[in-house]
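> The structure under discussion is supplied below as structure tokens; questions concerning it will follow.
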Amino acid sequence: MDTLSRFKPVALEHASRLINHGPTVLITSADGTRQNVMAAAWSMPVEFTPPRIAVVIDKNTFTRELIHASGIFGICVPGAAAMDLTFAVGSVSGREGDKFAQFNIDAVKGPVLGLPLLEHGIAAWMECKLISEKHTEDAYDTCFCEVVSAAADPQVFSGGHWEFNDGNRDLHTIHHLGAGNFALASDAVKAKTLAG
Ligand SMILES: Cc1cc2nc3c(=O)[nH]c(=O)nc-3n(C[C@H](O)[C@H](O)[C@H](O)COP(=O)(O)O)c2cc1C
């Protein structure tokens with residue numbers, strides 16, 4: 001795995017903002033000998049401090065097996081440049097072969113948990129510890145976690161805020177519409193305060 005590159009640390013109190021707007025994410029996992037990555041459209045923050053997140057990860061995935069073996073997982077936020085890759089790793093299982101080798105994926109090593117994390121075409125990542133909740137995992141495939149480290153490409157996220165512009169379109173986050181169609185988070189607008 002490479003060493004960390006252009007990414008800058010994100011303060012943990014700002015970690016929820018990385019997925020507040022509902023991007024499709026990549027879930028990375030490893031158990032010491034095996035590693036994996038899958039796509040997940042269903043994730044959301046559930047607590048600011050400490051930063052906690054819920055992600056739906058189907059119990060039949062290889063990812064769930066590795067997460068239960070290790071108790072940790074990574075959440076990477078792909079940009080438009082990684083859209084095809086996101087769809088690809090969400091369409092095959094790591095049980096059929098190592099997706100990192102199959103799709104030529106470079107990974108860096110997470111600074112706190114040592115998880116494989118993607119940075120090429122990626123806007124941000126988080127390292128997370130599973131919060132074991134057997135009922136929600138069994139009944140709803142919903143896995144809760146606490147974020148212990150986070151970083152983002154300062155071209156698109158800095159000072160705790162996303163900054164989508166024409167110059168960083170490759171890093172605009174992707175939002176799954178279904179069947180491999182995505183919308184980009186390109187048209188950011190600020191709400192006006194209504195008098196009333
Ligand atoms: C765009 C996209 C979004 C997806 N979202 C989810 C999701 O939120 N939860 C989930 O369990 N599977 C989701 N999937 C399916 C998994 O990524 C897929 O089952 C994957 O092959 C599992 O890989 P694994 O067995 O290597 O862990 C999604 C797939 C795609 C293409």
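Order determines the names: the first chain of the structure tokens is A, the second B, and so forth; residues in each chain are numbered 1 upward, and ligands are numbered 1 upward as they are shown.
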Throw together the list of residues within 9 Å of ligand 1, counting only C-alpha atoms and all ligand atoms, and drop it here as number ranges by chain.
A: 24-29, 36-43, 55-66, 83, 86-99, 141-142, 175-182
> Any chance you could export the current selection's C-alpha atoms as a PDB file, in the first residue's frame?

```
ATOM      1  CA  THR A  24     -22.733   6.828  -2.754  1.00  0.00           C
ATOM      2  CA  VAL A  25     -19.690   5.564  -0.867  1.00  0.00           C
ATOM      3  CA  LEU A  26     -17.187   2.744  -1.057  1.00  0.00           C
ATOM      4  CA  ILE A  27     -16.831   0.452   1.940  1.00  0.00           C
ATOM      5  CA  THR A  28     -13.355  -1.002   2.371  1.00  0.00           C
ATOM      6  CA  SER A  29     -12.517  -3.893   4.660  1.00  0.00           C
ATOM      7  CA  ASN A  36     -12.227  -5.908  -0.162  1.00  0.00           C
ATOM      8  CA  VAL A  37     -14.201  -2.933  -1.436  1.00  0.00           C
ATOM      9  CA  MET A  38     -17.914  -2.567  -2.269  1.00  0.00           C
ATOM     10  CA  ALA A  39     -20.312   0.253  -3.180  1.00  0.00           C
ATOM     11  CA  ALA A  40     -22.998   1.463  -0.761  1.00  0.00           C
ATOM     12  CA  ALA A  41     -25.655   4.035  -1.613  1.00  0.00           C
ATOM     13  CA  TRP A  42     -27.361   3.751   1.781  1.00  0.00           C
ATOM     14  CA  SER A  43     -25.410   5.514   4.529  1.00  0.00           C
ATOM     15  CA  VAL A  55     -24.519   2.001   6.658  1.00  0.00           C
ATOM     16  CA  VAL A  56     -26.672  -0.717   5.140  1.00  0.00           C
ATOM     17  CA  ILE A  57     -24.326  -3.607   4.312  1.00  0.00           C
ATOM     18  CA  ASP A  58     -26.134  -6.741   3.181  1.00  0.00           C
ATOM     19  CA  LYS A  59     -25.387  -9.768   5.334  1.00  0.00           C
ATOM     20  CA  ASN A  60     -24.565 -11.859   2.243  1.00  0.00           C
ATOM     21  CA  THR A  61     -21.684  -9.602   1.160  1.00  0.00           C
ATOM     22  CA  PHE A  62     -18.038 -10.546   1.551  1.00  0.00           C
ATOM     23  CA  THR A  63     -17.649  -7.100   3.115  1.00  0.00           C
ATOM     24  CA  ARG A  64     -19.870  -8.097   6.080  1.00  0.00           C
ATOM     25  CA  GLU A  65     -17.745 -11.206   6.628  1.00  0.00           C
ATOM     26  CA  LEU A  66     -14.529  -9.150   6.759  1.00  0.00           C
ATOM     27  CA  MET A  83     -17.972   6.505 -10.847  1.00  0.00           C
ATOM     28  CA  THR A  86     -17.860   2.416  -7.940  1.00  0.00           C
ATOM     29  CA  PHE A  87     -20.400   0.694 -10.140  1.00  0.00           C
ATOM     30  CA  ALA A  88     -17.929  -2.078 -10.941  1.00  0.00           C
ATOM     31  CA  VAL A  89     -17.052  -2.920  -7.316  1.00  0.00           C
ATOM     32  CA  GLY A  90     -20.752  -2.805  -6.496  1.00  0.00           C
ATOM     33  CA  SER A  91     -21.528  -5.356  -9.190  1.00  0.00           C
ATOM     34  CA  VAL A  92     -19.218  -8.249  -8.278  1.00  0.00           C
ATOM     35  CA  SER A  93     -18.320  -9.921  -5.000  1.00  0.00           C
ATOM     36  CA  GLY A  94     -14.839 -10.092  -3.536  1.00  0.00           C
ATOM     37  CA  ARG A  95     -15.552 -13.768  -2.929  1.00  0.00           C
ATOM     38  CA  GLU A  96     -14.959 -14.257  -6.664  1.00  0.00           C
ATOM     39  CA  GLY A  97     -11.499 -12.632  -6.535  1.00  0.00           C
ATOM     40  CA  ASP A  98      -9.565  -9.655  -5.182  1.00  0.00           C
ATOM     41  CA  LYS A  99     -11.230  -6.537  -6.621  1.00  0.00           C
ATOM     42  CA  ASP A 141     -28.426  -5.104   7.573  1.00  0.00           C
ATOM     43  CA  THR A 142     -27.616  -1.768   9.199  1.00  0.00           C
ATOM     44  CA  HIS A 175     -25.458  10.000  -6.041  1.00  0.00           C
ATOM     45  CA  HIS A 176     -27.007   6.772  -7.266  1.00  0.00           C
ATOM     46  CA  LEU A 177     -30.291   7.116  -9.163  1.00  0.00           C
ATOM     47  CA  GLY A 178     -30.513   3.372  -9.821  1.00  0.00           C
ATOM     48  CA  ALA A 179     -29.310   0.942 -12.503  1.00  0.00           C
ATOM     49  CA  GLY A 180     -25.866   2.538 -12.830  1.00  0.00           C
ATOM     50  CA  ASN A 181     -27.179   6.084 -13.319  1.00  0.00           C
ATOM     51  CA  PHE A 182     -25.707   8.769 -11.073  1.00  0.00           C
TER      52      PHE A 182
END
```
> Enumerate as an MDAnalysis selection string all residues of range 3-190 of chain A assigned to strand (DSSP E) by DSSP on the backbone, naming them with the chain letters and numbers the document uses.
chainID A and resid 8:9 25:30 35:40 43:47 52:56 72:78 108:109 116:117 122:131 142:152 157:158 161:162 174:178 181:184
> Which polymer residues have any atom within 10 Å of an atom of Ile131 in chain A, counting only C-alpha atoms, with same-chain residues fewer than 5 positions away left out, as an MDAnalysis selection string?
chainID A and resid 52:54 71:72 143:146
> Restricting the output to C-alpha atoms, write the selected residues as a short mmCIF file (atom, residue, chain, number, x, y, z; two decimals), in the first residue's frame.

```
data_model
loop_
_atom_site.label_atom_id
_atom_site.label_comp_id
_atom_site.auth_asym_id
_atom_site.auth_seq_id
_atom_site.Cartn_x
_atom_site.Cartn_y
_atom_site.Cartn_z
CA ARG A 52 -21.21 8.01 14.18
CA ILE A 53 -22.59 6.64 10.92
CA ALA A 54 -25.08 3.97 9.88
CA GLY A 71 -14.47 -4.98 13.71
CA ILE A 72 -13.42 -2.10 11.43
CA CYS A 143 -24.13 -1.45 10.64
CA PHE A 144 -23.29 1.42 12.98
CA CYS A 145 -19.76 2.72 13.34
CA GLU A 146 -17.67 5.43 14.95
#
```
> So which residues of chain A fall under alpha helix (DSSP H) by DSSP, listed as a list in words?
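Taking chain A and keeping alpha helix (DSSP H) only, one gets Phe62, Thr63, Arg64, Glu65, Leu66, Ile67, His68, Ala69, Ser70, Met83, Asp84, Leu85, Thr86, Phe87, Ala88, Val89, Lys99, Phe100, Ala101, Gln102, Lys134, His135, Thr136, Glu137, Asp138, Ala139 and Tyr140 of chain A.
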> So how far away is CA of Lys134 in chain A from CA of Glu47 in chain A, in Å?
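CA of Lys134 in chain A lies 19.1 Å from CA of Glu47 in chain A.
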> Can you write out as CSV which residues of range 16-36 of chain A fall within 10 Å of range 166-173 of chain A, alongside each residue's closest atom pair and its distance in Å to one decimal, counting only C-alpha atoms and ordering rows by chain and ascending residue number?

```
residue,atom,partner,partner_atom,distance
A:Leu18,CA,A:Thr173,CA,9.7
A:Ile19,CA,A:Thr173,CA,9.4
A:His21,CA,A:Thr173,CA,9.1
A:Gly22,CA,A:Thr173,CA,9.0
A:Pro23,CA,A:Thr173,CA,5.9
A:Thr24,CA,A:Thr173,CA,7.7
A:Val25,CA,A:Thr173,CA,8.9
```
> Could you tell me which of A:Leu113, A:Met126, A:Val147, A:Ile174 comes closest to Gly74 in chain A if we count only C-alpha atoms?
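Closest candidate: A:Met126.
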> If I take CA of Leu117 in chain A and CA of His14 in chain A, how far is one from the other in Å, to one decimal?
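Here the two named atoms are 19.0 Å from each other.
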> Find the distance between CA of Ala183 in chain A and CA of Ala80 in chain A and write it in Å to one decimal.
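The value is 9.2 Å.
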> Given only C-alpha atoms as the basis, pick out the residue of A:Gly196, A:Gly32, A:Gly114, A:Pro78 nearest to Leu184 in chain A.
A:Pro78
> Which is closest to Lys129 in chain A among A:Phe164, A:Phe73, A:Phe103, A:Phe7, if we use only C-alpha atoms?
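Residue with the minimum atom-to-atom distance to Lys129 in chain A: A:Phe73.
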